[in-house]
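**Student:** final-v1.tsv is the file, holding TSV, C-alpha atoms:
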```
chain	number	residue	atom	x	y	z
Y	1	MET	CA	66.22	40.42	-49.95
Y	2	ARG	CA	66.64	36.71	-49.47
Y	3	ILE	CA	67.41	35.60	-45.90
Y	4	GLU	CA	69.73	32.68	-45.35
Y	5	ARG	CA	68.12	29.45	-44.29
Y	6	GLU	CA	69.87	29.35	-40.89
Y	7	LEU	CA	68.55	32.79	-39.99
Y	8	MET	CA	65.06	31.89	-41.22
Y	9	ARG	CA	65.14	28.79	-39.10
Y	10	GLY	CA	65.40	30.98	-36.01
Y	11	ALA	CA	63.16	33.83	-37.18
Y	12	GLY	CA	60.37	31.86	-38.88
Y	13	PRO	CA	58.89	30.20	-35.77
Y	14	VAL	CA	58.99	33.43	-33.74
Y	15	ALA	CA	57.30	35.33	-36.56
Y	16	VAL	CA	54.56	32.69	-36.81
Y	17	LEU	CA	54.04	32.65	-33.03
Y	18	HIS	CA	53.86	36.44	-33.03
Y	19	LEU	CA	51.19	36.52	-35.75
Y	20	LEU	CA	49.17	33.82	-34.01
Y	21	ALA	CA	49.40	35.76	-30.75
Y	22	GLU	CA	47.33	38.46	-32.44
Y	23	ARG	CA	44.61	36.13	-33.71
Y	24	GLU	CA	44.07	32.62	-34.95
Y	25	MET	CA	44.84	32.06	-38.63
Y	26	TYR	CA	44.85	29.31	-41.25
Y	27	GLY	CA	47.87	28.37	-43.34
Y	28	TYR	CA	47.31	30.47	-46.45
Y	29	GLU	CA	46.38	33.48	-44.36
Y	30	LEU	CA	49.58	33.09	-42.32
Y	31	ALA	CA	51.73	32.77	-45.42
Y	32	VAL	CA	50.28	35.94	-46.93
Y	33	GLU	CA	50.56	37.88	-43.67
Y	34	LEU	CA	54.16	36.82	-43.14
Y	35	GLY	CA	55.14	38.07	-46.57
Y	36	ALA	CA	53.11	41.26	-46.47
Y	37	ARG	CA	53.92	42.43	-42.95
Y	38	SER	CA	57.64	41.69	-43.17
Y	39	GLY	CA	57.95	43.53	-46.45
Y	40	GLY	CA	58.62	40.23	-48.14
Y	41	VAL	CA	61.71	39.52	-46.03
Y	42	LEU	CA	60.12	36.66	-44.07
Y	43	GLU	CA	58.19	35.35	-47.04
Y	44	MET	CA	58.75	31.62	-47.14
Y	45	GLY	CA	57.86	28.97	-49.67
Y	46	HIS	CA	54.37	27.95	-48.64
Y	47	SER	CA	55.50	24.34	-48.75
Y	48	THR	CA	57.87	24.98	-45.83
Y	49	LEU	CA	55.25	26.76	-43.74
Y	50	TYR	CA	53.27	23.59	-43.07
Y	51	PRO	CA	56.16	21.51	-41.69
Y	52	LEU	CA	56.96	24.51	-39.49
Y	53	LEU	CA	53.36	24.57	-38.22
Y	54	TYR	CA	53.41	20.80	-37.58
Y	55	ASN	CA	56.62	21.17	-35.58
Y	56	LEU	CA	55.19	24.00	-33.48
Y	57	GLU	CA	52.07	21.89	-32.93
Y	58	ALA	CA	54.19	18.91	-31.84
Y	59	LYS	CA	55.92	21.16	-29.28
Y	60	GLY	CA	52.53	22.16	-27.93
Y	61	TRP	CA	53.03	25.85	-28.77
Y	62	ILE	CA	50.11	26.07	-31.19
Y	63	THR	CA	46.98	24.02	-31.60
Y	64	PRO	CA	44.84	23.50	-34.73
Y	65	LYS	CA	41.10	23.31	-35.18
Y	66	TRP	CA	39.07	22.76	-38.32
Y	67	ARG	CA	36.15	25.13	-38.62
Y	68	GLU	CA	34.14	26.91	-41.23
Y	69	ALA	CA	35.57	30.19	-42.48
Y	70	ASP	CA	33.49	33.22	-43.50
Y	71	SER	CA	33.66	31.90	-47.07
Y	72	GLY	CA	31.73	28.81	-45.95
Y	73	ARG	CA	34.75	26.58	-46.59
Y	74	ASP	CA	36.47	24.50	-43.93
Y	75	ARG	CA	39.82	25.92	-42.83
Y	76	LYS	CA	42.32	24.60	-40.33
Y	77	TYR	CA	42.87	27.45	-37.90
Y	78	TYR	CA	45.91	27.58	-35.65
Y	79	ARG	CA	46.00	29.42	-32.35
Y	80	LEU	CA	48.65	30.00	-29.73
Y	81	THR	CA	48.59	27.88	-26.58
Y	82	THR	CA	49.53	29.14	-23.13
Y	83	GLU	CA	52.89	27.43	-23.50
Y	84	GLY	CA	53.31	29.06	-26.93
Y	85	ARG	CA	52.63	32.47	-25.40
Y	86	ARG	CA	55.28	31.83	-22.75
Y	87	VAL	CA	57.81	30.69	-25.35
Y	88	LEU	CA	57.05	33.71	-27.52
Y	89	ALA	CA	57.75	36.06	-24.58
Y	90	VAL	CA	61.11	34.38	-23.96
Y	91	ARG	CA	62.04	34.42	-27.65
Y	92	ARG	CA	61.04	38.04	-27.98
Y	93	GLU	CA	63.41	38.97	-25.15
Y	94	GLN	CA	66.17	36.97	-26.78
Y	95	TRP	CA	65.68	38.70	-30.13
Y	96	GLN	CA	65.69	42.09	-28.43
Y	97	ALA	CA	68.91	41.23	-26.60
Y	98	LEU	CA	70.43	39.98	-29.85
Y	99	GLY	CA	69.39	43.16	-31.70
Y	100	ALA	CA	70.80	45.36	-28.93
Y	101	ALA	CA	74.07	43.44	-28.97
Y	102	MET	CA	74.32	43.77	-32.75
Y	103	ARG	CA	73.69	47.50	-32.50
Y	104	ARG	CA	76.33	47.90	-29.81
Y	105	LEU	CA	78.76	46.06	-32.04
Y	106	GLY	CA	77.83	48.23	-34.94
Y	107	VAL	CA	76.55	45.34	-37.03
Y	108	LEU	CA	73.14	47.03	-37.02
Y	109	ALA	CA	72.60	50.77	-37.34
Y	110	PRO	CA	71.62	52.47	-34.04
Y	111	GLU	CA	67.91	52.72	-33.42
Y	112	ALA	CA	66.50	56.02	-34.57
Y	113	LYS	CA	65.47	58.22	-31.60
Y	114	ARG	CA	61.77	58.74	-31.40
K	1	MET	CA	42.18	10.42	-55.10
K	2	SER	CA	41.54	13.75	-56.81
K	3	THR	CA	41.16	16.88	-54.70
K	4	GLY	CA	38.94	18.80	-57.11
K	5	LEU	CA	41.65	21.43	-57.64
K	6	PRO	CA	43.11	22.35	-61.05
K	7	SER	CA	45.46	19.58	-62.07
K	8	PRO	CA	48.85	21.31	-61.38
K	9	LEU	CA	47.71	22.09	-57.83
K	10	ASP	CA	46.13	18.67	-57.41
K	11	GLU	CA	49.46	17.13	-58.40
K	12	LEU	CA	51.32	19.35	-55.90
K	13	VAL	CA	48.97	18.33	-53.08
K	14	ARG	CA	49.30	14.65	-53.89
K	15	ARG	CA	53.10	14.86	-54.02
K	16	ALA	CA	53.48	16.94	-50.87
K	17	ALA	CA	51.16	14.66	-48.89
K	18	GLY	CA	52.65	11.50	-50.34
K	19	GLY	CA	55.40	10.91	-47.75
K	20	ARG	CA	55.76	7.20	-47.04
K	21	ASP	CA	56.07	7.65	-43.28
K	22	LEU	CA	52.62	9.16	-42.91
K	23	THR	CA	49.66	7.15	-41.69
K	24	ARG	CA	46.50	7.15	-43.75
K	25	ARG	CA	44.87	9.58	-41.33
K	26	GLU	CA	47.87	11.94	-41.37
K	27	ARG	CA	47.97	11.87	-45.16
K	28	ALA	CA	44.25	12.65	-45.33
K	29	ASP	CA	44.70	15.57	-42.90
K	30	VAL	CA	47.65	17.03	-44.85
K	31	THR	CA	45.77	16.60	-48.14
K	32	ARG	CA	42.72	18.35	-46.75
K	33	GLU	CA	44.81	21.20	-45.36
K	34	LEU	CA	46.79	21.76	-48.57
K	35	GLU	CA	43.61	21.53	-50.60
K	36	SER	CA	42.14	24.19	-48.33
K	37	HIS	CA	45.34	26.25	-48.76
K	38	PHE	CA	45.00	26.35	-52.54
K	39	GLU	CA	41.25	26.92	-52.39
K	40	ALA	CA	41.92	29.96	-50.21
K	41	GLY	CA	44.45	31.22	-52.74
K	42	LEU	CA	42.09	30.71	-55.68
K	43	GLU	CA	39.29	32.43	-53.77
K	44	ALA	CA	41.65	35.37	-53.18
K	45	GLY	CA	41.98	35.63	-56.97
K	46	VAL	CA	45.53	34.32	-57.19
K	47	HIS	CA	46.24	32.50	-60.41
K	48	CYS	CA	46.89	28.76	-60.35
K	49	GLU	CA	50.48	29.07	-61.68
K	50	ARG	CA	51.40	31.70	-59.14
K	51	LEU	CA	50.02	29.56	-56.32
K	52	ALA	CA	52.10	26.65	-57.55
K	53	ALA	CA	55.21	28.87	-57.71
K	54	GLU	CA	54.59	30.27	-54.22
K	55	PHE	CA	54.17	26.79	-52.86
K	56	GLY	CA	57.67	25.79	-53.98
K	57	ASP	CA	59.29	22.38	-54.12
K	58	ALA	CA	56.72	19.62	-53.53
K	59	ALA	CA	59.37	16.94	-53.02
K	60	LEU	CA	61.02	19.02	-50.29
K	61	ALA	CA	57.62	19.64	-48.76
K	62	ALA	CA	56.87	15.90	-48.77
K	63	ARG	CA	60.16	15.19	-46.99
K	64	LEU	CA	59.67	17.92	-44.38
K	65	ILE	CA	56.02	17.06	-43.79
K	66	ALA	CA	56.78	13.34	-43.46
K	67	ARG	CA	59.35	14.26	-40.81
K	68	ALA	CA	57.26	16.84	-38.94
K	69	LYS	CA	53.77	15.35	-38.98
K	70	PRO	CA	54.55	12.11	-37.11
K	71	ARG	CA	55.90	14.20	-34.21
K	72	ASN	CA	52.26	14.98	-33.44
K	73	ARG	CA	51.34	11.35	-32.88
K	74	PRO	CA	50.30	10.35	-29.35
K	75	LEU	CA	53.20	9.31	-27.14
K	76	ALA	CA	51.96	5.69	-26.94
K	77	GLN	CA	51.85	5.45	-30.74
K	78	ARG	CA	55.34	6.91	-31.08
K	79	LEU	CA	56.68	4.52	-28.43
K	80	LEU	CA	55.00	1.64	-30.23
K	81	THR	CA	56.60	2.69	-33.52
K	82	VAL	CA	60.03	2.97	-31.90
K	83	ALA	CA	59.54	-0.41	-30.21
K	84	ALA	CA	58.49	-2.02	-33.52
K	85	GLN	CA	61.49	-0.53	-35.31
K	86	ALA	CA	63.82	-1.66	-32.53
K	87	ALA	CA	62.30	-5.16	-32.65
K	88	ALA	CA	62.75	-5.30	-36.43
K	89	ILE	CA	66.39	-4.20	-36.16
K	90	LEU	CA	66.97	-6.69	-33.34
K	91	ALA	CA	65.41	-9.48	-35.43
K	92	VAL	CA	67.64	-8.71	-38.42
K	93	VAL	CA	70.77	-8.46	-36.25
K	94	SER	CA	69.86	-11.71	-34.46
K	95	TYR	CA	69.33	-13.44	-37.79
K	96	LEU	CA	72.68	-12.25	-39.14
K	97	LEU	CA	74.49	-13.26	-35.93
K	98	SER	CA	72.82	-16.65	-35.97
K	99	ALA	CA	73.67	-17.16	-39.65
K	100	ALA	CA	77.27	-16.08	-39.01
K	101	ARG	CA	77.51	-18.45	-36.03
K	102	LEU	CA	76.21	-21.39	-38.07
K	103	HIS	CA	78.35	-20.71	-41.13
K	104	ALA	CA	81.56	-19.40	-39.61
K	105	SER	CA	82.88	-22.67	-38.19
K	106	ARG	CA	83.53	-26.19	-39.43
K	107	PRO	CA	82.85	-29.45	-37.61
K	108	PHE	CA	85.55	-31.49	-35.86
K	109	LEU	CA	85.32	-34.24	-38.51
K	110	PRO	CA	84.12	-33.73	-42.08
K	111	PRO	CA	80.39	-34.29	-42.22
K	112	GLU	CA	79.92	-37.49	-44.19
K	113	PRO	CA	76.43	-38.81	-43.91
K	114	SER	CA	77.25	-42.28	-45.24
K	115	GLN	CA	79.82	-42.90	-42.51
K	116	ALA	CA	77.85	-41.25	-39.78
K	117	ALA	CA	74.50	-42.85	-40.56
K	118	PHE	CA	73.45	-43.24	-37.01
K	119	ALA	CA	71.63	-46.56	-37.13
K	120	ASP	CA	74.52	-48.15	-39.05
K	121	LEU	CA	76.94	-46.75	-36.58
K	122	LEU	CA	75.03	-48.20	-33.65
K	123	SER	CA	74.95	-51.66	-35.19
K	124	SER	CA	78.58	-51.53	-36.27
K	125	LEU	CA	79.62	-50.86	-32.69
K	126	HIS	CA	79.25	-53.41	-29.90
K	127	ALA	CA	75.95	-55.22	-29.78
K	128	PRO	CA	74.06	-54.32	-26.63
K	129	THR	CA	74.71	-56.63	-23.75
K	130	ARG	CA	71.65	-57.23	-21.67
K	131	HIS	CA	73.66	-57.49	-18.49
K	132	ASP	CA	76.25	-54.86	-19.22
K	133	PRO	CA	74.62	-51.45	-19.06
K	134	GLY	CA	78.03	-49.81	-19.13
K	135	ARG	CA	78.86	-51.22	-22.55
K	136	THR	CA	75.44	-50.34	-23.88
K	137	LEU	CA	75.85	-46.80	-22.67
K	138	GLY	CA	79.33	-46.77	-24.22
K	139	THR	CA	77.91	-47.87	-27.57
K	140	VAL	CA	75.30	-45.14	-27.63
K	141	ILE	CA	77.76	-42.50	-26.45
K	142	ALA	CA	80.29	-43.60	-29.09
K	143	ALA	CA	77.68	-43.31	-31.83
K	144	TYR	CA	76.69	-39.86	-30.61
K	145	ASP	CA	80.37	-38.89	-30.23
K	146	ASP	CA	80.97	-39.64	-33.87
K	147	LEU	CA	77.83	-37.73	-34.83
K	148	PHE	CA	78.80	-34.75	-32.65
K	149	ASP	CA	82.28	-34.68	-34.21
K	150	ARG	CA	80.58	-34.17	-37.58
K	151	VAL	CA	78.00	-31.66	-36.41
K	152	TYR	CA	79.67	-29.41	-33.84
K	153	ALA	CA	82.67	-27.14	-34.44
K	154	ARG	CA	86.16	-28.13	-33.36
K	155	HIS	CA	86.58	-24.93	-31.34
K	156	GLY	CA	83.87	-23.84	-28.95
K	157	GLY	CA	81.64	-26.78	-29.92
K	158	ARG	CA	79.19	-24.60	-31.83
K	159	LEU	CA	76.52	-26.09	-34.06
K	160	THR	CA	77.56	-25.83	-37.73
K	161	ALA	CA	75.49	-25.35	-40.86
K	162	SER	CA	77.33	-28.16	-42.65
K	163	GLY	CA	76.57	-30.47	-39.71
K	164	LEU	CA	72.90	-29.62	-39.93
K	165	ARG	CA	73.03	-30.27	-43.67
K	166	MET	CA	74.55	-33.69	-42.98
K	167	ILE	CA	71.78	-34.60	-40.53
K	168	GLN	CA	69.23	-33.61	-43.14
K	169	ALA	CA	71.02	-35.76	-45.71
K	170	MET	CA	70.99	-38.69	-43.27
K	171	ARG	CA	67.23	-38.21	-43.02
K	172	GLY	CA	66.94	-38.38	-46.80
K	173	LYS	CA	66.79	-34.64	-47.52
K	174	SER	CA	70.01	-34.30	-49.42
K	175	ASP	CA	69.20	-31.28	-51.53
K	176	PRO	CA	67.94	-28.46	-49.29
K	177	GLY	CA	66.29	-25.52	-51.04
K	178	VAL	CA	67.37	-21.91	-50.69
K	179	LEU	CA	64.42	-21.28	-48.39
K	180	ALA	CA	65.45	-24.13	-46.06
K	181	ILE	CA	68.97	-22.76	-45.85
K	182	ALA	CA	67.65	-19.23	-45.29
K	183	LEU	CA	65.41	-20.45	-42.47
K	184	GLU	CA	68.17	-22.38	-40.68
K	185	PRO	CA	69.43	-19.35	-38.71
K	186	ILE	CA	65.88	-18.76	-37.49
K	187	TYR	CA	65.16	-22.35	-36.46
K	188	PHE	CA	68.56	-22.77	-34.86
K	189	ALA	CA	68.93	-19.33	-33.34
K	190	LEU	CA	69.60	-20.69	-29.83
K	191	PRO	CA	71.29	-24.06	-30.27
K	192	ALA	CA	73.05	-25.80	-27.42
K	193	ASP	CA	76.80	-26.20	-27.82
K	194	ARG	CA	78.40	-29.62	-27.80
K	195	ARG	CA	79.06	-29.67	-24.06
K	196	GLU	CA	75.42	-28.86	-23.30
K	197	ALA	CA	74.24	-31.46	-25.81
K	198	GLU	CA	76.44	-34.10	-24.16
K	199	ARG	CA	75.11	-33.22	-20.73
K	200	GLU	CA	71.52	-33.39	-21.99
K	201	LEU	CA	72.22	-36.72	-23.65
K	202	GLY	CA	73.61	-38.06	-20.37
K	203	GLU	CA	70.49	-36.94	-18.49
K	204	LEU	CA	68.26	-38.41	-21.18
K	205	LEU	CA	69.97	-41.79	-21.12
K	206	ALA	CA	70.59	-42.20	-17.38
K	207	PRO	CA	67.11	-43.58	-16.40
K	208	ALA	CA	67.13	-45.93	-19.43
K	209	ILE	CA	70.55	-47.31	-18.50
K	210	THR	CA	69.36	-47.98	-14.95
K	211	ALA	CA	66.28	-49.75	-16.33
K	212	LEU	CA	68.48	-51.73	-18.68
K	213	GLY	CA	70.56	-53.09	-15.80
K	214	GLU	CA	67.56	-53.92	-13.64
K	215	LEU	CA	64.79	-54.87	-16.08
K	216	GLY	CA	66.32	-55.49	-19.50
K	217	PRO	CA	66.39	-53.76	-22.89
K	218	ARG	CA	62.64	-53.56	-23.52
K	219	ALA	CA	62.12	-51.74	-20.21
K	220	ALA	CA	65.09	-49.53	-21.07
K	221	ALA	CA	63.57	-48.71	-24.46
K	222	GLU	CA	60.25	-47.94	-22.79
K	223	THR	CA	61.92	-45.70	-20.21
K	224	LEU	CA	63.85	-43.84	-22.89
K	225	ARG	CA	60.69	-43.44	-24.94
K	226	GLY	CA	58.96	-41.88	-21.92
K	227	GLU	CA	61.88	-39.52	-21.27
K	228	LEU	CA	61.95	-38.57	-24.90
K	229	ARG	CA	58.19	-38.01	-25.11
K	230	SER	CA	58.24	-35.45	-22.30
K	231	ARG	CA	61.17	-33.60	-23.87
K	232	MET	CA	59.95	-33.78	-27.48
K	233	ALA	CA	56.73	-32.04	-26.41
K	234	SER	CA	58.80	-28.88	-26.45
K	235	THR	CA	59.75	-27.61	-29.92
K	236	ALA	CA	62.33	-25.35	-28.28
K	237	TRP	CA	64.02	-28.43	-26.79
K	238	GLN	CA	63.97	-30.25	-30.13
K	239	LEU	CA	65.65	-27.33	-31.88
K	240	ARG	CA	68.09	-26.61	-29.08
K	241	TYR	CA	69.28	-30.21	-28.88
K	242	TYR	CA	68.53	-31.08	-32.49
K	243	PRO	CA	71.39	-33.62	-33.02
K	244	VAL	CA	70.37	-35.39	-29.80
K	245	ALA	CA	66.65	-35.27	-30.51
K	246	VAL	CA	66.68	-36.36	-34.12
K	247	PHE	CA	68.47	-39.67	-33.45
K	248	ALA	CA	67.12	-40.57	-30.00
K	249	PRO	CA	64.27	-42.60	-31.57
K	250	GLU	CA	67.00	-44.68	-33.30
K	251	VAL	CA	68.42	-45.52	-29.88
K	252	VAL	CA	64.96	-46.59	-28.71
K	253	SER	CA	64.58	-48.93	-31.71
K	254	TRP	CA	68.12	-50.25	-31.21
K	255	LEU	CA	67.42	-51.05	-27.56
K	256	GLU	CA	64.13	-52.72	-28.48
K	257	ALA	CA	65.94	-54.87	-31.02
K	258	GLY	CA	68.23	-55.84	-28.07
```
Starting from the file, lay out its structure as structure tokens.

**Tutor:**
Amino acid sequence: MRIERELMRGAGPVAVLHLLAEREMYGYELAVELGARSGGVLEMGHSTLYPLLYNLEAKGWITPKWREADSGRDRKYYRLTTEGRRVLAVRREQWQALGAAMRRLGVLAPEAKR
Amino acid sequence: MSTGLPSPLDELVRRAAGGRDLTRRERADVTRELESHFEAGLEAGVHCERLAAEFGDAALAARLIARAKPRNRPLAQRLLTVAAQAAAILAVVSYLLSAARLHASRPFLPPEPSQAAFADLLSSLHAPTRHDPGRTLGTVIAAYDDLFDRVYARHGGRLTASGLRMIQAMRGKSDPGVLAIALEPIYFALPADRREAERELGELLAPAITALGELGPRAAAETLRGELRSRMASTAWQLRYYPVAVFAPEVVSWLEAG
């Protein structure tokens, strides 16, 4: 399923911050993870991932560092900053509130009881 | 510069990192990162064509990267860029305003260099009278009045481009090039209006007129030369009061000729 650009604009940064909260990653790794772990829904053109990363970096939410990967090649790894972690927590709450509101409205199906 | 990647990927990297707004260092960093991106894909066994397809539109990437990457510049550098852009815009606007001011109005009298030739005008008016400083002053003022009528606009007394052209013609430069005309608004960006020019002329002449009454025309010429020398040392003064400045040496010669 292809997600509209406006929705991706809100979801993409949160998804990237969430992945980087788990561990630092380089661009290609992030792109693959985004596609694989979202079942392809959050898969974005790799060309748009880098501007997104540069914007998050400019906001001080992530920070890059070139270092050698296990393959022996240099990779630019991104990791979450303290500010990025704080922003992610806020965004996560917002998404949860949005999801809950959509469920109450019936836009989303009710959450299955565990 | 080639990245060492297969040519379709190399081309993608070069296009995506080719945004005009990037500095050399930013472009090198983006190139290195995208090169590393494709290397990682190739190492993972992904075929070149699929990597290119997954990457997407390189032109869009170039636009987005050129917009996003400069946001990471240090604050001082961004401020400097903004200041430079503002200065460039201000310079262009100032130039256009100055050009409009020079070209929008016409002089009080039609600029005719043959009639207004300043030296001729001085000699055609009253001959200086050694003992009548008032008449001498009147002669000079009358010559300048005629000149000002042909240089400054009827309304508001603004300097006019056609008046400047006439002065140039009087100085023997009757066919100004495109460059000279294009540079006029820069040289004469802050010209005095007619009222200011008249006041400056009065202040310039006053000591010479006093000397004329007390010591004679040679002393008056010497005094005027001294006054003029101190003012002419400033290029800003020369350009601001150009019609006054350019013919003041004629007045000195005329006084010397007594």

**Student:** Hey, which bits of chain Y sit within 6 Å of chain K, and for each residue what's the closest pair of atoms and how far apart in Å (one decimal), counting all atoms listed in the file, rows by chain and increasing number, as a Markdown table?

**Tutor:**
```
| residue | atom | partner | partner_atom | distance |
| --- | --- | --- | --- | --- |
| Y:Tyr28 | CA | K:His37 | CA | 5.2 |
| Y:Gly45 | CA | K:Phe55 | CA | 5.3 |
| Y:His46 | CA | K:Phe55 | CA | 4.4 |
| Y:Ser47 | CA | K:Phe55 | CA | 5.0 |
| Y:Pro51 | CA | K:Ile65 | CA | 4.9 |
| Y:Tyr54 | CA | K:Lys69 | CA | 5.6 |
| Y:Asn55 | CA | K:Ala68 | CA | 5.5 |
| Y:Ala58 | CA | K:Asn72 | CA | 4.7 |
```

**Student:** Leaving out K:Arg195 and any residue of its chain fewer than 3 positions from it, which residues lie within 12 Å of it when counting only C-alpha atoms, given as a PDB file with C-alpha atoms, in the coordinates of the input?

**Tutor:**
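Result file part.pdb:
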```
ATOM      1  CA  ASP K 145      80.370 -38.890 -30.230  1.00  0.00           C
ATOM      2  CA  PHE K 148      78.800 -34.750 -32.650  1.00  0.00           C
ATOM      3  CA  ASP K 149      82.280 -34.680 -34.210  1.00  0.00           C
ATOM      4  CA  TYR K 152      79.670 -29.410 -33.840  1.00  0.00           C
ATOM      5  CA  ALA K 153      82.670 -27.140 -34.440  1.00  0.00           C
ATOM      6  CA  ARG K 154      86.160 -28.130 -33.360  1.00  0.00           C
ATOM      7  CA  HIS K 155      86.580 -24.930 -31.340  1.00  0.00           C
ATOM      8  CA  GLY K 156      83.870 -23.840 -28.950  1.00  0.00           C
ATOM      9  CA  GLY K 157      81.640 -26.780 -29.920  1.00  0.00           C
ATOM     10  CA  ARG K 158      79.190 -24.600 -31.830  1.00  0.00           C
ATOM     11  CA  LEU K 159      76.520 -26.090 -34.060  1.00  0.00           C
ATOM     12  CA  PRO K 191      71.290 -24.060 -30.270  1.00  0.00           C
ATOM     13  CA  ALA K 192      73.050 -25.800 -27.420  1.00  0.00           C
ATOM     14  CA  GLU K 198      76.440 -34.100 -24.160  1.00  0.00           C
ATOM     15  CA  ARG K 199      75.110 -33.220 -20.730  1.00  0.00           C
ATOM     16  CA  GLU K 200      71.520 -33.390 -21.990  1.00  0.00           C
ATOM     17  CA  LEU K 201      72.220 -36.720 -23.650  1.00  0.00           C
ATOM     18  CA  GLY K 202      73.610 -38.060 -20.370  1.00  0.00           C
ATOM     19  CA  TYR K 241      69.280 -30.210 -28.880  1.00  0.00           C
ATOM     20  CA  VAL K 244      70.370 -35.390 -29.800  1.00  0.00           C
TER      21      VAL K 244
END
```

**Student:** In Å, with one decimal, what is the gap from atom CA of K:Leu228 to atom CA of K:Ser124?

**Tutor:**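 Between these atoms lies a distance of 24.0 Å.
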
**Student:** Need the shell around K:Trp237: protein/DNA/RNA residues with any atom at most 12 Å away, counting all atoms listed in the file. Skip same-chain ones fewer than 3 positions apart. Format as a short mmCIF file (atom, residue, chain, number, x, y, z; two decimals) with C-alpha atoms, in the coordinates of the input?

**Tutor:**
```cif
data_model
loop_
_atom_site.label_atom_id
_atom_site.label_comp_id
_atom_site.auth_asym_id
_atom_site.auth_seq_id
_atom_site.Cartn_x
_atom_site.Cartn_y
_atom_site.Cartn_z
CA TYR K 187 65.16 -22.35 -36.46
CA PHE K 188 68.56 -22.77 -34.86
CA LEU K 190 69.60 -20.69 -29.83
CA PRO K 191 71.29 -24.06 -30.27
CA ALA K 192 73.05 -25.80 -27.42
CA GLU K 196 75.42 -28.86 -23.30
CA ALA K 197 74.24 -31.46 -25.81
CA GLU K 200 71.52 -33.39 -21.99
CA LEU K 228 61.95 -38.57 -24.90
CA ARG K 229 58.19 -38.01 -25.11
CA SER K 230 58.24 -35.45 -22.30
CA ARG K 231 61.17 -33.60 -23.87
CA MET K 232 59.95 -33.78 -27.48
CA ALA K 233 56.73 -32.04 -26.41
CA SER K 234 58.80 -28.88 -26.45
CA ARG K 240 68.09 -26.61 -29.08
CA TYR K 241 69.28 -30.21 -28.88
CA TYR K 242 68.53 -31.08 -32.49
CA PRO K 243 71.39 -33.62 -33.02
CA VAL K 244 70.37 -35.39 -29.80
CA ALA K 245 66.65 -35.27 -30.51
CA VAL K 246 66.68 -36.36 -34.12
#
```

**Student:** Could you tell me how far atom CA of Y:Arg9 lies from atom CA of K:Pro8, in Å and to one decimal?

**Tutor:** 28.6 Å

**Student:** Please, which residues in stretch 19-74 of chain Y fall within 10 Å of stretch 3-7 of chain Y when counting only C-alpha atoms, and what is the closest atom pair and distance in Å to one decimal for each, ordered by chain then residue number, as CSV?

**Tutor:**
```
residue,atom,partner,partner_atom,distance
Y:Val41,CA,Y:Ile3,CA,6.9
Y:Leu42,CA,Y:Ile3,CA,7.6
Y:Glu43,CA,Y:Ile3,CA,9.3
Y:Met44,CA,Y:Ile3,CA,9.6
```

**Student:** Excluding K:Ala211 and any residue of its chain fewer than 2 positions from it, enumerate the residues within 12 Å of it, using only C-alpha atoms, and give them as a PyMOL selection string.

**Tutor:** chain K and resi 130-133+136-137+205-209+213-224+255

**Student:** With all atoms listed in the file as the counted atoms, please give the residues lying no more than 8 Å from Y:Leu88, apart from itself and same-chain residues fewer than 4 positions off, as a PDB file with C-alpha atoms, in the coordinates of the input.

**Tutor:**
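The resulting out-v6.pdb:
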```pdb
ATOM      1  CA  VAL Y  14      58.990  33.430 -33.740  1.00  0.00           C
ATOM      2  CA  LEU Y  17      54.040  32.650 -33.030  1.00  0.00           C
ATOM      3  CA  HIS Y  18      53.860  36.440 -33.030  1.00  0.00           C
ATOM      4  CA  GLY Y  84      53.310  29.060 -26.930  1.00  0.00           C
ATOM      5  CA  ARG Y  92      61.040  38.040 -27.980  1.00  0.00           C
TER       6      ARG Y  92
END
```

**Student:** Work out how far atom CA of K:Ala248 is from atom CA of K:Ile181, in Å to one decimal.

**Tutor:**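 These atoms are spaced 23.9 Å apart.
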
**Student:** From the set Y:Ile62, Y:Leu49, Y:Ala15, Y:Met25, which residue has the shortest atom-to-atom contact distance to Y:Thr82, counting all atoms listed in the file?

**Tutor:**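 Going through Y:Ile62, Y:Leu49, Y:Ala15, Y:Met25 one by one, the smallest distance to Y:Thr82 is for Y:Ile62.
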
**Student:** Report the centre and edge lengths, in Å to one decimal, of an axis-aligned box enclosing every atom of stretch 67-80 of chain Y listed in the file, padded by 4 Å on each side, as JSON.

**Tutor:**
```
{"center_x": 40.2, "center_y": 28.9, "center_z": -38.4, "size_x": 24.9, "size_y": 16.7, "size_z": 25.3}
```

**Student:** Taking (48.4, 28.5, -43.0) in the file's coordinates as the center, which residues reach within 8 Å of it, counting all atoms listed in the file, put as a PyMOL selection string?

**Tutor:** (chain Y and resi 25-31+49-50+53+76-78) or (chain K and resi 37)

**Student:** Using only C-alpha atoms, pick whichever of Y:Leu98, Y:Lys65, Y:Arg91, Y:Asp70 has the shortest atom-to-atom distance to Y:Val16.

**Tutor:**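 Closest to Y:Val16 of all the choices is Y:Arg91.
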
**Student:** What's the 10 Å shell around K:Asp146, counting all atoms listed in the file, without same-chain residues fewer than 3 positions away, as a list in words?

**Tutor:**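 In the requested form, the answer reads Phe108, Leu109, Pro111, Gln115, Ala116, Ala117, Phe118, Leu121, Ile141, Ala142, Ala143, Asp149, Arg150 and Val151 of chain K.
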
**Student:** With C-alpha atoms retained, could you export that selection as a short mmCIF file (atom, residue, chain, number, x, y, z; two decimals), in the frame of the given file?

**Tutor:**
```cif
data_model
loop_
_atom_site.label_atom_id
_atom_site.label_comp_id
_atom_site.auth_asym_id
_atom_site.auth_seq_id
_atom_site.Cartn_x
_atom_site.Cartn_y
_atom_site.Cartn_z
CA PHE K 108 85.55 -31.49 -35.86
CA LEU K 109 85.32 -34.24 -38.51
CA PRO K 111 80.39 -34.29 -42.22
CA GLN K 115 79.82 -42.90 -42.51
CA ALA K 116 77.85 -41.25 -39.78
CA ALA K 117 74.50 -42.85 -40.56
CA PHE K 118 73.45 -43.24 -37.01
CA LEU K 121 76.94 -46.75 -36.58
CA ILE K 141 77.76 -42.50 -26.45
CA ALA K 142 80.29 -43.60 -29.09
CA ALA K 143 77.68 -43.31 -31.83
CA ASP K 149 82.28 -34.68 -34.21
CA ARG K 150 80.58 -34.17 -37.58
CA VAL K 151 78.00 -31.66 -36.41
#
```
